[in-house]
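Colleague: Below is structure.pdb; it holds PDB, C-alpha atoms.
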```pdb
ATOM      1  CA  MET A   1     189.785 -25.583 -12.668  1.00  0.00           C
ATOM      2  CA  ALA A   2     188.121 -25.276  -9.238  1.00  0.00           C
ATOM      3  CA  GLY A   3     187.798 -29.096  -9.099  1.00  0.00           C
ATOM      4  CA  PHE A   4     191.491 -29.485  -9.896  1.00  0.00           C
ATOM      5  CA  LEU A   5     192.497 -27.053  -7.124  1.00  0.00           C
ATOM      6  CA  THR A   6     190.183 -28.731  -4.630  1.00  0.00           C
ATOM      7  CA  GLY A   7     191.576 -32.156  -5.550  1.00  0.00           C
ATOM      8  CA  SER A   8     195.174 -31.000  -5.154  1.00  0.00           C
ATOM      9  CA  CYS A   9     194.341 -29.408  -1.772  1.00  0.00           C
ATOM     10  CA  ILE A  10     192.849 -32.715  -0.586  1.00  0.00           C
ATOM     11  CA  LEU A  11     195.882 -34.590  -1.898  1.00  0.00           C
ATOM     12  CA  GLY A  12     198.239 -32.145  -0.104  1.00  0.00           C
ATOM     13  CA  GLN A  13     196.243 -32.471   3.121  1.00  0.00           C
ATOM     14  CA  ASN A  14     196.372 -36.289   2.934  1.00  0.00           C
ATOM     15  CA  GLN A  15     200.144 -36.163   2.451  1.00  0.00           C
ATOM     16  CA  ARG A  16     200.526 -33.969   5.553  1.00  0.00           C
ATOM     17  CA  ILE A  17     198.340 -36.347   7.566  1.00  0.00           C
ATOM     18  CA  MET A  18     200.442 -39.325   6.409  1.00  0.00           C
ATOM     19  CA  LYS A  19     203.681 -37.484   7.281  1.00  0.00           C
ATOM     20  CA  ASN A  20     202.306 -36.712  10.758  1.00  0.00           C
ATOM     21  CA  ILE A  21     201.239 -40.345  11.272  1.00  0.00           C
ATOM     22  CA  ILE A  22     204.687 -41.581  10.206  1.00  0.00           C
ATOM     23  CA  LEU A  23     206.413 -39.018  12.453  1.00  0.00           C
ATOM     24  CA  ALA A  24     204.196 -39.923  15.436  1.00  0.00           C
ATOM     25  CA  THR A  25     204.828 -43.651  14.873  1.00  0.00           C
ATOM     26  CA  TRP A  26     208.578 -43.063  14.682  1.00  0.00           C
ATOM     27  CA  LEU A  27     208.565 -41.001  17.910  1.00  0.00           C
ATOM     28  CA  LEU A  28     206.489 -43.640  19.698  1.00  0.00           C
ATOM     29  CA  CYS A  29     208.963 -46.356  18.659  1.00  0.00           C
ATOM     30  CA  LEU A  30     211.869 -44.203  19.874  1.00  0.00           C
ATOM     31  CA  LEU A  31     210.224 -43.610  23.259  1.00  0.00           C
ATOM     32  CA  LEU A  32     209.441 -47.304  23.709  1.00  0.00           C
ATOM     33  CA  ALA A  33     213.018 -48.252  22.845  1.00  0.00           C
ATOM     34  CA  CYS A  34     214.379 -45.773  25.412  1.00  0.00           C
ATOM     35  CA  LYS A  35     211.973 -47.039  28.061  1.00  0.00           C
ATOM     36  CA  ARG A  36     213.052 -50.612  27.408  1.00  0.00           C
ATOM     37  CA  ASP A  37     216.717 -49.609  27.926  1.00  0.00           C
ATOM     38  CA  LEU A  38     215.870 -47.900  31.227  1.00  0.00           C
ATOM     39  CA  GLU A  39     213.961 -50.956  32.432  1.00  0.00           C
ATOM     40  CA  LYS A  40     216.861 -53.266  31.620  1.00  0.00           C
ATOM     41  CA  GLY A  41     217.872 -54.508  35.012  1.00  0.00           C
ATOM     42  CA  ALA A  42     220.952 -56.040  36.556  1.00  0.00           C
ATOM     43  CA  ALA A  43     219.665 -59.486  35.581  1.00  0.00           C
ATOM     44  CA  GLU A  44     220.268 -58.668  31.890  1.00  0.00           C
ATOM     45  CA  SER A  45     223.453 -56.606  32.227  1.00  0.00           C
ATOM     46  CA  THR A  46     227.015 -57.689  31.515  1.00  0.00           C
ATOM     47  CA  ILE A  47     229.087 -57.255  34.694  1.00  0.00           C
ATOM     48  CA  GLN A  48     232.873 -57.258  35.064  1.00  0.00           C
ATOM     49  CA  LEU A  49     235.374 -56.162  37.711  1.00  0.00           C
ATOM     50  CA  LEU A  50     238.583 -54.507  36.549  1.00  0.00           C
ATOM     51  CA  CYS A  51     241.686 -53.307  38.379  1.00  0.00           C
ATOM     52  CA  GLU A  52     243.808 -50.566  36.778  1.00  0.00           C
ATOM     53  CA  TYR A  53     247.048 -48.877  37.785  1.00  0.00           C
ATOM     54  CA  MET A  54     246.618 -45.207  38.693  1.00  0.00           C
ATOM     55  CA  GLU A  55     249.267 -42.487  38.660  1.00  0.00           C
ATOM     56  CA  SER A  56     250.837 -42.068  42.082  1.00  0.00           C
ATOM     57  CA  ALA A  57     252.716 -39.107  43.589  1.00  0.00           C
ATOM     58  CA  ASN A  58     255.003 -41.425  45.564  1.00  0.00           C
ATOM     59  CA  GLU A  59     256.612 -44.785  44.819  1.00  0.00           C
ATOM     60  CA  THR A  60     253.785 -46.813  46.336  1.00  0.00           C
ATOM     61  CA  PRO A  61     251.589 -48.338  43.644  1.00  0.00           C
ATOM     62  CA  HIS A  62     247.975 -47.252  43.565  1.00  0.00           C
ATOM     63  CA  PHE A  63     245.128 -49.065  41.798  1.00  0.00           C
ATOM     64  CA  GLY A  64     241.499 -48.334  41.018  1.00  0.00           C
ATOM     65  CA  VAL A  65     238.940 -51.141  41.139  1.00  0.00           C
ATOM     66  CA  TYR A  66     236.080 -50.618  38.697  1.00  0.00           C
ATOM     67  CA  MET A  67     232.722 -52.219  38.134  1.00  0.00           C
ATOM     68  CA  ILE A  68     231.918 -52.313  34.431  1.00  0.00           C
ATOM     69  CA  VAL A  69     228.211 -52.604  33.609  1.00  0.00           C
ATOM     70  CA  ASP A  70     227.400 -52.868  29.905  1.00  0.00           C
ATOM     71  CA  ALA A  71     230.685 -51.095  29.006  1.00  0.00           C
ATOM     72  CA  ILE A  72     230.145 -48.237  31.526  1.00  0.00           C
ATOM     73  CA  LYS A  73     233.018 -48.108  34.037  1.00  0.00           C
ATOM     74  CA  THR A  74     232.502 -46.891  37.634  1.00  0.00           C
ATOM     75  CA  LYS A  75     235.219 -46.816  40.297  1.00  0.00           C
ATOM     76  CA  VAL A  76     234.169 -48.701  43.438  1.00  0.00           C
ATOM     77  CA  MET A  77     237.418 -48.464  45.425  1.00  0.00           C
ATOM     78  CA  GLU A  78     241.088 -47.468  45.375  1.00  0.00           C
ATOM     79  CA  VAL A  79     243.659 -49.877  46.814  1.00  0.00           C
ATOM     80  CA  PRO A  80     247.439 -49.879  47.292  1.00  0.00           C
ATOM     81  CA  THR A  81     247.749 -53.512  46.202  1.00  0.00           C
ATOM     82  CA  GLY A  82     248.281 -54.616  42.655  1.00  0.00           C
ATOM     83  CA  CYS A  83     245.474 -56.758  41.380  1.00  0.00           C
ATOM     84  CA  THR A  84     244.560 -58.877  38.412  1.00  0.00           C
ATOM     85  CA  GLU A  85     241.567 -60.869  37.254  1.00  0.00           C
ATOM     86  CA  ILE A  86     240.970 -64.053  39.219  1.00  0.00           C
ATOM     87  CA  ALA A  87     240.020 -66.997  37.024  1.00  0.00           C
ATOM     88  CA  PRO A  88     236.876 -68.949  38.001  1.00  0.00           C
ATOM     89  CA  ASP A  89     238.927 -72.089  38.654  1.00  0.00           C
ATOM     90  CA  ALA A  90     240.816 -70.171  41.407  1.00  0.00           C
ATOM     91  CA  TYR A  91     237.712 -68.790  43.169  1.00  0.00           C
ATOM     92  CA  ASP A  92     237.811 -71.473  45.871  1.00  0.00           C
ATOM     93  CA  LYS A  93     241.372 -70.470  46.857  1.00  0.00           C
ATOM     94  CA  PHE A  94     240.110 -66.977  47.781  1.00  0.00           C
ATOM     95  CA  ALA A  95     236.726 -68.046  49.281  1.00  0.00           C
ATOM     96  CA  ILE A  96     234.866 -66.590  46.285  1.00  0.00           C
ATOM     97  CA  PRO A  97     231.526 -68.251  45.443  1.00  0.00           C
ATOM     98  CA  ALA A  98     231.641 -70.431  42.318  1.00  0.00           C
ATOM     99  CA  ASN A  99     228.709 -68.472  40.825  1.00  0.00           C
ATOM    100  CA  ALA A 100     230.493 -65.092  41.060  1.00  0.00           C
ATOM    101  CA  LEU A 101     230.232 -63.045  37.861  1.00  0.00           C
ATOM    102  CA  SER A 102     233.758 -61.657  38.051  1.00  0.00           C
ATOM    103  CA  ALA A 103     236.627 -61.408  40.537  1.00  0.00           C
ATOM    104  CA  THR A 104     239.869 -59.480  40.900  1.00  0.00           C
ATOM    105  CA  GLY A 105     242.497 -59.126  43.581  1.00  0.00           C
ATOM    106  CA  GLY A 106     246.124 -59.353  44.558  1.00  0.00           C
ATOM    107  CA  ARG A 107     248.785 -58.984  47.216  1.00  0.00           C
ATOM    108  CA  TRP A 108     251.411 -56.402  47.992  1.00  0.00           C
ATOM    109  CA  PRO A 109     253.945 -56.503  50.835  1.00  0.00           C
ATOM    110  CA  GLY A 110     251.860 -56.030  53.959  1.00  0.00           C
ATOM    111  CA  GLY A 111     248.564 -57.296  52.653  1.00  0.00           C
ATOM    112  CA  GLY A 112     246.145 -57.797  49.834  1.00  0.00           C
ATOM    113  CA  ASP A 113     242.695 -56.872  48.545  1.00  0.00           C
ATOM    114  CA  TYR A 114     240.169 -59.165  46.847  1.00  0.00           C
ATOM    115  CA  PHE A 115     236.843 -58.396  45.160  1.00  0.00           C
ATOM    116  CA  TYR A 116     234.026 -60.311  43.533  1.00  0.00           C
ATOM    117  CA  ALA A 117     230.634 -59.496  42.002  1.00  0.00           C
ATOM    118  CA  LEU A 118     227.631 -61.721  42.689  1.00  0.00           C
ATOM    119  CA  ARG A 119     224.125 -61.587  41.207  1.00  0.00           C
ATOM    120  CA  GLU A 120     221.467 -62.141  43.888  1.00  0.00           C
ATOM    121  CA  ALA A 121     218.122 -63.899  43.369  1.00  0.00           C
ATOM    122  CA  SER A 122     216.439 -60.472  43.210  1.00  0.00           C
ATOM    123  CA  GLY A 123     218.574 -59.626  40.158  1.00  0.00           C
ATOM    124  CA  ARG A 124     220.693 -56.958  41.818  1.00  0.00           C
ATOM    125  CA  VAL A 125     224.473 -57.321  41.684  1.00  0.00           C
ATOM    126  CA  VAL A 126     226.605 -56.837  44.807  1.00  0.00           C
ATOM    127  CA  VAL A 127     230.384 -56.248  44.833  1.00  0.00           C
ATOM    128  CA  TYR A 128     232.172 -57.701  47.859  1.00  0.00           C
ATOM    129  CA  HIS A 129     235.649 -56.786  49.188  1.00  0.00           C
ATOM    130  CA  THR A 130     238.054 -58.177  51.746  1.00  0.00           C
ATOM    131  CA  ALA A 131     241.381 -56.812  52.946  1.00  0.00           C
ATOM    132  CA  VAL A 132     244.001 -59.351  54.030  1.00  0.00           C
ATOM    133  CA  HIS A 133     246.789 -58.148  56.350  1.00  0.00           C
ATOM    134  CA  GLU A 134     250.033 -60.103  56.703  1.00  0.00           C
ATOM    135  CA  ASP A 135     250.572 -58.926  60.286  1.00  0.00           C
ATOM    136  CA  ARG A 136     247.320 -60.552  61.437  1.00  0.00           C
ATOM    137  CA  ALA A 137     246.493 -64.228  61.292  1.00  0.00           C
ATOM    138  CA  MET A 138     243.288 -64.572  59.295  1.00  0.00           C
ATOM    139  CA  ALA A 139     241.465 -67.877  59.390  1.00  0.00           C
ATOM    140  CA  ARG A 140     239.170 -66.824  56.517  1.00  0.00           C
ATOM    141  CA  TYR A 141     238.463 -64.116  53.995  1.00  0.00           C
ATOM    142  CA  ALA A 142     235.885 -61.787  55.579  1.00  0.00           C
ATOM    143  CA  TYR A 143     234.119 -60.228  52.566  1.00  0.00           C
ATOM    144  CA  VAL A 144     231.814 -57.245  53.035  1.00  0.00           C
ATOM    145  CA  PRO A 145     229.548 -55.569  50.455  1.00  0.00           C
ATOM    146  CA  ILE A 146     230.911 -52.294  49.045  1.00  0.00           C
ATOM    147  CA  ALA A 147     228.733 -51.619  45.989  1.00  0.00           C
ATOM    148  CA  VAL A 148     225.311 -52.541  44.608  1.00  0.00           C
ATOM    149  CA  TYR A 149     224.046 -52.356  41.035  1.00  0.00           C
ATOM    150  CA  GLU A 150     220.249 -52.151  40.965  1.00  0.00           C
ATOM    151  CA  ASN A 151     217.663 -50.388  38.788  1.00  0.00           C
ATOM    152  CA  GLY A 152     220.333 -49.099  36.416  1.00  0.00           C
ATOM    153  CA  ARG A 153     222.407 -47.430  39.155  1.00  0.00           C
ATOM    154  CA  ILE A 154     225.588 -48.294  41.042  1.00  0.00           C
ATOM    155  CA  GLN A 155     225.646 -47.315  44.695  1.00  0.00           C
ATOM    156  CA  VAL A 156     229.067 -47.462  46.391  1.00  0.00           C
ATOM    157  CA  GLU A 157     229.260 -47.672  50.186  1.00  0.00           C
ATOM    158  CA  ILE A 158     232.691 -48.335  51.629  1.00  0.00           C
ATOM    159  CA  PRO A 159     232.331 -49.648  55.202  1.00  0.00           C
ATOM    160  CA  ALA A 160     234.660 -48.565  58.003  1.00  0.00           C
ATOM    161  CA  PHE A 161     237.134 -51.351  58.762  1.00  0.00           C
ATOM    162  CA  ASN A 162     237.810 -52.434  62.312  1.00  0.00           C
ATOM    163  CA  GLU A 163     241.580 -52.389  62.860  1.00  0.00           C
ATOM    164  CA  LYS A 164     241.483 -54.592  65.987  1.00  0.00           C
TER     165      LYS A 164
END
```
Would you mind giving the structure from this file in structure tokens?
Modeller:
Amino acid sequence: MAGFLTGSCILGQNQRIMKNIILATWLLCLLLACKRDLEKGAAESTIQLLCEYMESANETPHFGVYMIVDAIKTKVMEVPTGCTEIAPDAYDKFAIPANALSATGGRWPGGGDYFYALREASGRVVVYHTAVHEDRAMARYAYVPIAVYENGRIQVEIPAFNEK
């Protein structure tokens, strides 16, 4: 009987060891999968610009421009002009580089706003914006960077515009 009890204790101990090994392996796989997601950079991400109507207290339309990275939406700017997606075959009309990932923009009486996202050689993605005013003659679209997606984070920096 003592041999039977000793054998069953060894068998029970081996089962616990196997359960611990399986649990440790599963946790290691989970940690590695999470780390791989965190290391996923802008070079592998799906990028899109989107313009959506926002509720407004007055009659003037108000729109939010969003950068969507792998289905996560972040507002990069609010504009008074209505905007829609700009098709790649129309990029040249708005001085948008042919290799832009996404573009949106539009006009409203008094002016317009245009945006595009561009992946740089380093892998980071930069969102550019230009404001076009009807009361000023503009020879070109003067785009400036307003947001950067790098290392899994979006940093928005709206520059001060010179009204001269």
Colleague: Show which residues sit within 12 Å of A:Glu78, as a PyMOL selection string. Count only C-alpha atoms, and ignore same-chain residues fewer than 3 positions away.
Modeller: chain A and resi 50-56+61-66+74-75+81-83+105+113-115+129+146+158
Colleague: Can you translate the PyMOL selection byres ((chain A and resi 119) around 10) into the concrete residues it hits in this file, as a VMD selection string?
Modeller: chain A and resid 42 to 43 47 99 to 101 117 to 118 120 to 127 148 to 149
Colleague: How many Å separate atom CA of A:Met67 from atom CA of A:Thr130?
Modeller: 15.8 Å
Colleague: To one decimal place, how far is atom CA of A:Gln48 from atom CA of A:Ala103 in Å?
Modeller: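 Between atom CA of A:Gln48 and atom CA of A:Ala103 the gap works out to 7.8 Å.
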Colleague: Atom CA of A:Lys73 and atom CA of A:Ala95 are how many Å apart?
Modeller: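 So the two atoms, atom CA of A:Lys73 and atom CA of A:Ala95, lie 25.4 Å apart.
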Colleague: Quick one: of A:Gln13, A:Ile96, A:Ser102, A:Val156, who's nearest to A:Thr46, counting all atoms listed in the file?
Modeller: A:Ser102
